[in-house]
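Enquirer: coords_7.txt is reproduced in full below (compact mmCIF, C-alpha atoms and all ligand atoms).
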# COMPACT_ATOMS: atom_id res chain seq x y z
CA MET A 94 -31.92 -4.96 -19.41
CA LYS A 95 -32.17 -3.95 -15.79
CA LEU A 96 -33.65 -6.54 -13.50
CA LEU A 97 -35.62 -5.89 -10.38
CA LYS A 98 -33.65 -6.40 -7.25
CA PRO A 99 -35.47 -6.48 -3.92
CA MET A 100 -33.05 -3.93 -2.48
CA SER A 101 -29.80 -2.49 -3.83
CA VAL A 102 -26.54 -3.33 -2.06
CA ILE A 103 -26.25 0.30 -0.96
CA ALA A 104 -29.75 0.25 0.50
CA VAL A 105 -29.10 -3.00 2.35
CA VAL A 106 -25.83 -1.67 3.71
CA SER A 107 -27.29 1.68 4.76
CA ALA A 108 -30.34 0.00 6.29
CA ALA A 109 -28.02 -2.22 8.31
CA LEU A 110 -25.88 0.73 9.37
CA SER A 111 -28.80 2.88 10.46
CA CYS A 112 -30.64 -0.07 11.99
CA ALA A 113 -33.70 0.96 9.98
CA CYS A 114 -34.08 -2.75 9.39
CA PRO A 115 -36.93 -3.87 7.16
CA ALA A 116 -38.16 -5.89 10.14
CA ASP A 117 -39.13 -2.60 11.79
CA GLN A 118 -41.34 -1.72 8.87
CA THR A 119 -44.79 -2.98 8.06
CA PRO A 120 -45.09 -4.71 4.66
CA ARG A 121 -46.82 -1.55 3.42
CA GLU A 122 -43.99 0.70 4.57
CA SER A 123 -41.31 -1.53 3.14
CA LEU A 124 -42.99 -1.69 -0.28
CA ILE A 125 -43.35 2.09 -0.29
CA SER A 126 -39.61 2.49 0.49
CA GLN A 127 -38.73 -0.01 -2.22
CA MET A 128 -40.84 1.88 -4.75
CA GLU A 129 -39.39 5.25 -3.75
CA GLU A 130 -35.96 3.82 -4.43
CA ILE A 131 -37.04 2.58 -7.88
CA VAL A 132 -38.32 6.03 -8.82
CA ALA A 133 -35.22 7.76 -7.41
CA GLU A 134 -33.07 5.58 -9.65
CA GLY A 135 -35.09 6.65 -12.71
CA ASN A 136 -36.49 3.18 -13.33
CA ILE A 137 -39.96 2.04 -14.37
CA LEU A 138 -41.27 -1.47 -13.70
CA TYR A 139 -43.21 -3.25 -16.41
CA GLY A 140 -46.43 -4.88 -15.24
CA HIS A 141 -48.96 -7.19 -16.89
CA GLN A 142 -52.46 -8.09 -15.72
CA ASP A 143 -53.06 -11.81 -15.01
CA THR A 144 -49.61 -12.51 -16.39
CA TYR A 145 -49.10 -15.91 -14.64
CA LEU A 146 -52.69 -17.10 -14.92
CA TYR A 147 -53.34 -17.58 -18.66
CA GLY A 148 -52.24 -16.40 -22.08
CA HIS A 149 -53.31 -15.56 -25.58
CA ASP A 150 -52.94 -19.00 -27.19
CA GLY A 151 -55.37 -20.43 -24.65
CA TRP A 152 -52.98 -21.77 -21.99
CA LYS A 153 -54.36 -21.47 -18.47
CA LEU A 154 -53.54 -22.79 -15.01
CA ALA A 155 -55.49 -26.02 -14.99
CA SER A 156 -56.10 -26.35 -11.26
CA PRO A 157 -55.46 -24.48 -8.02
CA GLU A 158 -52.45 -26.80 -7.53
CA ALA A 159 -50.87 -25.99 -10.92
CA GLU A 160 -47.30 -24.74 -10.83
CA ILE A 161 -46.89 -21.06 -11.61
CA VAL A 162 -44.10 -20.81 -14.16
CA ARG A 163 -45.41 -19.46 -17.41
CA SER A 164 -46.35 -16.06 -18.79
CA ASP A 165 -46.73 -14.74 -22.33
CA ILE A 166 -44.22 -12.07 -21.35
CA LYS A 167 -41.59 -14.61 -20.35
CA ASP A 168 -42.30 -16.63 -23.48
CA VAL A 169 -41.46 -13.51 -25.49
CA CYS A 170 -38.48 -11.99 -23.69
CA GLY A 171 -37.20 -14.56 -21.19
CA HIS A 172 -38.34 -12.68 -18.10
CA HIS A 173 -41.64 -12.28 -16.31
CA ALA A 174 -43.18 -8.85 -15.75
CA ALA A 175 -41.99 -7.12 -12.56
CA VAL A 176 -45.55 -6.22 -11.56
CA PHE A 177 -48.24 -8.89 -11.39
CA GLY A 178 -51.71 -7.41 -11.51
CA THR A 179 -54.96 -9.29 -11.10
CA ASP A 180 -58.57 -8.66 -10.17
CA LEU A 181 -60.39 -9.94 -7.07
CA GLY A 182 -63.94 -9.62 -8.40
CA MET A 183 -66.10 -12.45 -6.91
CA ILE A 184 -63.99 -12.77 -3.75
CA GLU A 185 -66.82 -10.84 -2.07
CA LEU A 186 -69.18 -13.76 -2.67
CA GLY A 187 -66.73 -16.31 -1.30
CA ALA A 188 -66.33 -17.83 -4.78
CA GLN A 189 -63.54 -20.24 -5.67
CA ALA A 190 -62.61 -18.34 -8.81
CA SER A 191 -62.59 -14.69 -9.88
CA LEU A 192 -64.74 -13.02 -12.52
CA ASP A 193 -61.97 -13.78 -15.02
CA LYS A 194 -62.11 -17.46 -13.97
CA ASN A 195 -58.87 -17.51 -11.99
CA TYR A 196 -58.77 -19.68 -8.88
CA PHE A 197 -58.20 -17.51 -5.82
CA GLU A 198 -55.85 -20.22 -4.63
CA SER A 199 -53.76 -19.66 -7.78
CA ILE A 200 -53.90 -15.92 -7.29
CA ARG A 201 -52.68 -16.34 -3.71
CA LYS A 202 -49.85 -18.67 -4.74
CA ALA A 203 -48.78 -16.53 -7.71
CA SER A 204 -48.81 -13.40 -5.55
CA ILE A 205 -46.67 -14.88 -2.78
CA GLN A 206 -44.22 -16.45 -5.23
CA HIS A 207 -43.97 -13.21 -7.21
CA HIS A 208 -43.28 -11.23 -4.05
CA LEU A 209 -40.61 -13.70 -2.92
CA GLN A 210 -38.93 -13.32 -6.30
CA GLY A 211 -38.71 -9.56 -5.78
CA GLY A 212 -41.79 -8.53 -7.77
CA ILE A 213 -44.70 -6.27 -6.89
CA VAL A 214 -48.34 -7.38 -6.75
CA THR A 215 -51.37 -5.19 -7.43
CA TYR A 216 -55.10 -5.94 -7.19
CA SER A 217 -58.14 -4.21 -8.60
CA TRP A 218 -61.71 -5.16 -7.66
CA HIS A 219 -64.51 -5.48 -10.21
CA LEU A 220 -66.98 -6.59 -7.58
CA ARG A 221 -70.69 -7.33 -7.98
CA ASN A 222 -73.37 -4.71 -7.55
CA PRO A 223 -74.66 -5.16 -3.99
CA LEU A 224 -77.98 -3.41 -4.62
CA THR A 225 -79.11 -4.86 -7.95
CA GLY A 226 -77.28 -8.19 -7.96
CA GLY A 227 -75.66 -7.21 -11.26
CA ASP A 228 -71.98 -6.70 -11.97
CA SER A 229 -69.60 -3.72 -11.64
CA TRP A 230 -70.87 -2.33 -14.94
CA ASP A 231 -74.51 -2.36 -13.80
CA VAL A 232 -75.21 1.37 -13.57
CA SER A 233 -78.99 1.04 -13.55
CA SER A 234 -79.22 2.68 -10.12
CA ASN A 235 -77.48 5.72 -8.69
CA GLN A 236 -78.26 4.57 -5.16
CA VAL A 237 -75.75 1.72 -4.89
CA VAL A 238 -73.02 3.57 -3.01
CA ALA A 239 -75.62 5.21 -0.75
CA SER A 240 -77.12 1.79 -0.05
CA ILE A 241 -73.89 0.33 1.36
CA LEU A 242 -72.86 3.28 3.55
CA PRO A 243 -73.61 2.88 7.28
CA GLN A 244 -77.29 3.91 7.15
CA GLY A 245 -78.01 2.09 3.89
CA GLU A 246 -80.16 -0.99 3.36
CA LYS A 247 -77.23 -3.02 1.96
CA HIS A 248 -74.65 -1.97 4.54
CA GLU A 249 -74.60 -5.26 6.37
CA LEU A 250 -74.43 -7.26 3.18
CA PHE A 251 -71.53 -5.16 1.95
CA MET A 252 -69.62 -5.46 5.24
CA GLY A 253 -69.87 -9.22 4.76
CA TRP A 254 -68.34 -8.79 1.32
CA LEU A 255 -65.52 -6.73 2.82
CA LYS A 256 -64.94 -9.49 5.36
CA ASN A 257 -64.50 -12.07 2.61
CA LEU A 258 -62.10 -9.73 0.86
CA ALA A 259 -60.16 -9.05 4.08
CA ASP A 260 -59.86 -12.77 4.83
CA PHE A 261 -58.22 -13.27 1.45
CA LEU A 262 -55.88 -10.28 1.82
CA ASP A 263 -54.91 -11.53 5.26
CA SER A 264 -54.11 -14.96 3.85
CA LEU A 265 -51.33 -13.61 1.64
CA ARG A 266 -48.54 -14.84 3.84
CA THR A 267 -45.14 -16.45 3.47
CA GLU A 268 -44.41 -19.82 5.09
CA GLU A 269 -43.11 -17.90 8.10
CA GLY A 270 -46.52 -16.28 8.45
CA ASN A 271 -45.50 -12.80 7.29
CA ARG A 272 -48.02 -10.89 5.21
CA ILE A 273 -46.82 -9.89 1.76
CA PRO A 274 -47.45 -6.33 0.55
CA VAL A 275 -49.86 -5.60 -2.30
CA ILE A 276 -50.88 -2.41 -4.05
CA TRP A 277 -54.62 -2.33 -3.43
CA ARG A 278 -56.58 -0.27 -5.98
CA PRO A 279 -60.27 -0.22 -5.16
CA TRP A 280 -62.95 2.05 -6.65
CA HIS A 281 -60.92 2.75 -9.78
CA GLU A 282 -61.86 4.79 -12.88
CA HIS A 283 -64.46 6.60 -10.79
CA THR A 284 -64.18 9.75 -12.96
CA GLY A 285 -66.12 7.86 -15.64
CA SER A 286 -69.66 6.55 -15.17
CA TRP A 287 -69.37 2.91 -16.28
CA PHE A 288 -69.02 1.37 -12.80
CA TRP A 289 -71.68 1.70 -10.09
CA TRP A 290 -69.28 3.82 -8.00
CA GLY A 291 -68.63 6.22 -10.93
CA GLN A 292 -68.92 9.99 -11.21
CA ASN A 293 -72.64 10.25 -12.05
CA LEU A 294 -73.66 7.34 -9.83
CA CYS A 295 -72.78 8.86 -6.45
CA THR A 296 -71.92 12.21 -4.90
CA THR A 297 -68.40 13.28 -3.96
CA GLU A 298 -69.29 12.86 -0.27
CA GLU A 299 -70.62 9.34 -0.86
CA TYR A 300 -67.56 8.33 -2.86
CA LYS A 301 -65.19 9.61 -0.19
CA ALA A 302 -67.25 7.94 2.53
CA LEU A 303 -67.00 4.68 0.58
CA TRP A 304 -63.23 4.93 0.58
CA LYS A 305 -63.08 5.79 4.26
CA MET A 306 -65.38 2.92 5.19
CA THR A 307 -63.24 0.54 3.13
CA TYR A 308 -60.04 1.83 4.70
CA ASP A 309 -61.41 1.84 8.24
CA TYR A 310 -62.45 -1.77 7.97
CA LEU A 311 -59.45 -3.23 6.13
CA ALA A 312 -56.60 -1.17 7.56
CA THR A 313 -57.88 -0.24 11.00
CA GLU A 314 -60.38 -2.87 12.12
CA ARG A 315 -58.70 -5.81 10.41
CA GLY A 316 -55.20 -4.40 10.84
CA LEU A 317 -54.11 -5.24 7.29
CA ASP A 318 -50.72 -3.54 7.28
CA ASN A 319 -49.79 -5.05 3.92
CA LEU A 320 -51.92 -2.80 1.72
CA VAL A 321 -50.46 0.09 -0.24
CA TRP A 322 -53.53 2.13 -1.15
CA ALA A 323 -53.84 3.31 -4.75
CA TYR A 324 -56.22 5.94 -6.13
CA SER A 325 -56.67 5.81 -9.90
CA PRO A 326 -59.17 7.79 -11.93
CA GLY A 327 -59.72 7.25 -15.63
CA ALA A 328 -57.65 9.44 -17.96
CA GLY A 329 -60.55 10.56 -20.17
CA GLY A 330 -61.29 14.26 -19.64
CA LEU A 331 -59.00 14.33 -16.61
CA THR A 332 -58.19 17.77 -15.22
CA PRO A 333 -56.30 18.65 -12.03
CA GLU A 334 -59.66 19.61 -10.47
CA LEU A 335 -61.33 16.33 -11.40
CA PHE A 336 -58.29 14.39 -10.18
CA ALA A 337 -58.49 16.13 -6.80
CA GLU A 338 -62.29 16.25 -6.44
CA ARG A 339 -62.85 12.77 -4.99
CA TYR A 340 -59.35 12.10 -3.63
CA PRO A 341 -59.94 10.28 -0.33
CA GLY A 342 -57.08 12.04 1.49
CA ASP A 343 -53.36 11.88 2.22
CA ASP A 344 -54.03 9.86 5.35
CA ILE A 345 -55.45 7.02 3.23
CA VAL A 346 -53.74 7.04 -0.17
CA ASP A 347 -50.11 6.01 -0.82
CA LEU A 348 -49.95 5.94 -4.60
CA VAL A 349 -51.80 7.85 -7.31
CA GLY A 350 -52.22 6.77 -10.90
CA PHE A 351 -54.67 6.62 -13.78
CA ASP A 352 -56.02 4.22 -16.40
CA CYS A 353 -55.51 5.21 -20.04
CA TYR A 354 -55.98 3.19 -23.23
CA GLN A 355 -55.22 3.79 -26.89
CA TYR A 356 -58.39 3.93 -28.98
CA SER A 357 -57.13 5.74 -32.08
CA THR A 358 -53.71 6.95 -33.22
CA SER A 359 -50.45 6.67 -31.33
CA GLU A 360 -50.10 10.45 -31.45
CA GLN A 361 -53.44 10.84 -29.69
CA TYR A 362 -52.51 8.19 -27.12
CA ILE A 363 -49.15 9.83 -26.33
CA GLN A 364 -50.97 13.13 -25.90
CA ASP A 365 -53.62 11.57 -23.61
CA MET A 366 -50.98 9.75 -21.56
CA GLN A 367 -48.79 12.79 -21.12
CA SER A 368 -51.70 15.01 -20.19
CA ALA A 369 -52.73 12.50 -17.49
CA LEU A 370 -49.10 11.99 -16.44
CA ASP A 371 -48.58 15.74 -16.02
CA ILE A 372 -51.60 15.94 -13.72
CA THR A 373 -50.79 12.77 -11.79
CA VAL A 374 -47.10 13.38 -11.29
CA LYS A 375 -47.71 16.94 -10.10
CA PHE A 376 -50.42 15.76 -7.71
CA ALA A 377 -48.09 13.02 -6.41
CA LYS A 378 -45.28 15.50 -5.87
CA ASP A 379 -47.52 18.03 -4.08
CA HIS A 380 -48.88 15.30 -1.79
CA GLY A 381 -45.67 13.32 -1.24
CA LYS A 382 -47.10 10.22 -2.96
CA LEU A 383 -45.89 7.70 -5.52
CA ALA A 384 -47.20 7.78 -9.10
CA ALA A 385 -47.86 5.00 -11.63
CA VAL A 386 -49.73 4.16 -14.83
CA THR A 387 -52.08 1.69 -13.19
CA GLU A 388 -53.70 0.36 -16.42
CA THR A 389 -52.90 0.95 -20.03
CA GLY A 390 -52.59 -0.66 -23.46
CA PHE A 391 -53.71 -0.86 -27.06
CA GLU A 392 -56.15 -3.74 -27.56
CA GLY A 393 -54.61 -6.10 -30.11
CA ILE A 394 -51.38 -3.99 -30.22
CA LYS A 395 -52.01 -3.08 -33.84
CA GLU A 396 -48.62 -1.46 -34.43
CA ALA A 397 -45.44 -3.53 -34.68
CA ASN A 398 -43.29 -0.95 -32.89
CA TRP A 399 -45.88 0.15 -30.33
CA TRP A 400 -43.70 -0.66 -27.33
CA THR A 401 -40.67 1.46 -28.19
CA GLN A 402 -42.27 4.11 -30.38
CA THR A 403 -45.50 4.73 -28.50
CA LEU A 404 -45.62 3.42 -24.93
CA HIS A 405 -41.98 4.09 -24.08
CA LYS A 406 -42.08 7.54 -25.69
CA ALA A 407 -45.16 8.40 -23.65
CA ILE A 408 -43.73 7.45 -20.24
CA LYS A 409 -39.95 7.63 -20.35
CA ASP A 410 -39.52 11.14 -18.92
CA TYR A 411 -41.87 10.71 -15.96
CA PRO A 412 -41.04 9.63 -12.39
CA ILE A 413 -43.46 6.70 -12.19
CA VAL A 414 -42.96 3.39 -10.40
CA TYR A 415 -44.66 1.18 -12.94
CA VAL A 416 -46.71 0.88 -16.09
CA LEU A 417 -49.15 -2.03 -16.28
CA THR A 418 -50.67 -3.28 -19.53
CA TRP A 419 -53.96 -5.14 -19.32
CA ARG A 420 -54.61 -8.86 -19.73
CA ASN A 421 -54.17 -11.33 -22.59
CA ALA A 422 -57.58 -12.98 -22.51
CA CYS A 423 -57.47 -16.72 -23.25
CA ASP A 424 -61.12 -17.47 -24.06
CA ASP A 425 -61.87 -18.25 -27.71
CA HIS A 426 -64.41 -15.48 -28.03
CA MET A 427 -61.98 -12.91 -26.60
CA LYS A 428 -58.93 -13.53 -28.77
CA HIS A 429 -58.86 -9.87 -29.77
CA HIS A 430 -58.62 -8.81 -26.10
CA PHE A 431 -54.88 -8.75 -25.43
CA TYR A 432 -52.54 -5.98 -24.32
CA GLY A 433 -49.25 -7.81 -23.80
CA PRO A 434 -47.17 -9.51 -26.49
CA TYR A 435 -47.06 -13.27 -27.11
CA PRO A 436 -44.67 -15.34 -29.23
CA GLY A 437 -45.31 -14.75 -32.90
CA HIS A 438 -47.22 -11.49 -32.45
CA GLU A 439 -46.00 -8.74 -34.76
CA SER A 440 -44.91 -6.58 -31.81
CA ALA A 441 -42.94 -9.32 -30.02
CA GLU A 442 -39.50 -8.21 -31.26
CA ASP A 443 -40.24 -4.62 -30.36
CA PHE A 444 -41.36 -5.71 -26.89
CA LYS A 445 -37.96 -7.35 -26.41
CA ALA A 446 -36.28 -4.05 -27.23
CA PHE A 447 -38.62 -2.23 -24.82
CA ALA A 448 -37.93 -4.74 -22.03
CA ALA A 449 -34.18 -4.48 -22.72
CA ASP A 450 -34.18 -0.70 -22.26
CA SER A 451 -31.98 0.20 -19.29
CA SER A 452 -34.78 2.02 -17.47
CA ILE A 453 -37.46 -0.65 -17.93
CA ILE A 454 -37.39 -3.31 -15.24
CA MET A 455 -38.54 -6.90 -15.54
CA LEU A 456 -38.55 -9.57 -12.83
CA ASN A 457 -35.18 -10.92 -11.84
CA GLU A 458 -35.08 -14.66 -12.14
C1 LIG B 1 -62.05 -5.53 -18.20
C2 LIG B 1 -62.07 -6.63 -19.24
C3 LIG B 1 -63.02 -7.69 -18.73
C4 LIG B 1 -62.55 -8.17 -17.33
C5 LIG B 1 -62.37 -6.98 -16.39
C6 LIG B 1 -61.81 -7.38 -15.04
O1 LIG B 1 -61.35 -4.43 -18.62
O2 LIG B 1 -60.79 -7.17 -19.45
O3 LIG B 1 -63.06 -8.76 -19.62
O4 LIG B 1 -63.47 -9.07 -16.77
O5 LIG B 1 -61.52 -6.04 -17.00
O6 LIG B 1 -60.55 -7.96 -15.13
Would you write the structure of this file as structure tokens?
Ligand code: BMA
Expert:
Amino acid sequence: MKLLKPMSVIAVVSAALSCACPADQTPRESLISQMEEIVAEGNILYGHQDTYLYGHDGWKLASPEAEIVRSDIKDVCGHHAAVFGTDLGMIELGAQASLDKNYFESIRKASIQHHLQGGIVTYSWHLRNPLTGGDSWDVSSNQVVASILPQGEKHELFMGWLKNLADFLDSLRTEEGNRIPVIWRPWHEHTGSWFWWGQNLCTTEEYKALWKMTYDYLATERGLDNLVWAYSPGAGGLTPELFAERYPGDDIVDLVGFDCYQYSTSEQYIQDMQSALDITVKFAKDHGKLAAVTETGFEGIKEANWWTQTLHKAIKDYPIVYVLTWRNACDDHMKHHFYGPYPGHESAEDFKAFAADSSIIMLNE
């Protein structure tokens, strides 16, 4: 098993020799360099959504003060995932907890701790619908994006939401006051039409304007130099043209990826993954960007050797920084909704073999 190291000895030595000290870099730049090194070494980080926050058997951080020590992944293989993903939905309303009932205080603490231990943090944002008052999946109007752009009736409301988000992102700081880097992945899966910012719910111009407005506020106006910007369409029906159509631009995006799930056979999944990987990796190369599988998994992991025989087979030959499997829901009514292993699950042994592969990287403890 290879473990994630914040920087290799060679990199530290050469950085010292060339005086390209990490202190000269913004958190964003230093995370990008770290990820470029990971890809150059042929490694892939394993990531898990909400990994520190709750797990399949119902365990959950009980309070914002709770210590962050457990994950289903560590319970299975002895190491945490190298990438900690979570979702910031509800931060826009100034709520105490996210749409998946995680305290933002816990998310902040887990993120900082994970970063200090050498891991990488990534956030998605299933925010509310600012026009209808519904959720991200409320696609009852195709005017939502238009309504929050500068001339729209909900522009001011939405800028308030962005402020709440920015305040949280700015609060991700070490004790010394340094911001920690995070991979920030807004407006995801836009090539489908299940979120209010999706393909049939806004025009290409509106979608790009949404990205630019988000970037201008967070990166420029608020000066958040800790965000690595990720663009990630859905894998379904993805073509090089569709991938490129709503790309916000090289001046905004740092990392490109896609979300792809298994819904039928492993053969079909491997084919879907590799088709999306071919498109994404080529796009990344042409644009000088990093590539990753930003969301994936097989709900319920219904094959005992899924990790080594399906997931690993699908990704192993591609230069991607990470692969992130979705969350292990802890609510009673969502017991079927898990994408990572847990002790006793039929794929747990196979996950250990996957995590022990020399090119798959877990968090160094
Ligand atoms: C979805 C599901 C939902 C969850 C959302 C945001 O894919 O897991 O239950 O609320 O992601 O994390």
Enquirer: Name the closest residue to ligand LIG 1 (chain B) among the candidates A:Gln206, A:Thr389, A:Thr284, A:Ser264; distances are taken between atoms, counting all atoms listed in the file.
Expert: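 Smallest distance to ligand LIG 1 (chain B) is found for A:Thr389.
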Enquirer: I want to know what sits within 12 Å of Val349 (chain A), based on all atoms listed in the file, with residues of the same chain fewer than 5 positions away left out; could you give that as a ChimeraX atom specification?
Expert: /A:276-279,281-282,321-327,336-337,340-343,369-370,372-388,413-415
Enquirer: If you measure from CA of Leu146 (chain A) to CA of Ala203 (chain A), what distance in Å do you get, rounded to one decimal?
Expert: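 Atom-to-atom, CA of Leu146 (chain A) and CA of Ala203 (chain A) are spaced 8.2 Å apart.
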Enquirer: Give as a list in words the residues surrounding ligand LIG 1 (chain B) up to a distance of 10 Å, considering all atoms listed in the file.
Expert: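 I would give the residues around ligand LIG 1 (chain B) as Gln142, Asp143, Gly178, Thr179, Asp180, Leu181, Gly182, Ser191, Leu192, Asp193, Lys194, Tyr216, Ser217, Trp218, His219, Leu220, Ser229, Trp230, Glu388, Glu392, Trp419, Arg420, Asn421, Ala422, Asp424, Met427, His430, Phe431 and Tyr432 of chain A.
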Enquirer: For Lys445 (chain A), list every protein, DNA or RNA residue within 9 Å, evaluated using all atoms listed in the file, and leave out those in the same chain fewer than 3 positions away; present the list as a list in words.
Expert: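 The contact residues come out as Val169, Cys170, Gly171, Trp400, Ser440, Ala441, Glu442, Ala448, Ala449 and Asp450 of chain A.
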Enquirer: Once you have the residues from the selection above, write them out as a short mmCIF file (atom, residue, chain, number, x, y, z; two decimals), in the coordinates of the input, restricted to C-alpha atoms.
Expert:
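For reference, again.cif as written:
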data_model
loop_
_atom_site.label_atom_id
_atom_site.label_comp_id
_atom_site.auth_asym_id
_atom_site.auth_seq_id
_atom_site.Cartn_x
_atom_site.Cartn_y
_atom_site.Cartn_z
CA VAL A 169 -41.46 -13.51 -25.49
CA CYS A 170 -38.48 -11.99 -23.69
CA GLY A 171 -37.20 -14.56 -21.19
CA TRP A 400 -43.70 -0.66 -27.33
CA SER A 440 -44.91 -6.58 -31.81
CA ALA A 441 -42.94 -9.32 -30.02
CA GLU A 442 -39.50 -8.21 -31.26
CA ALA A 448 -37.93 -4.74 -22.03
CA ALA A 449 -34.18 -4.48 -22.72
CA ASP A 450 -34.18 -0.70 -22.26
#
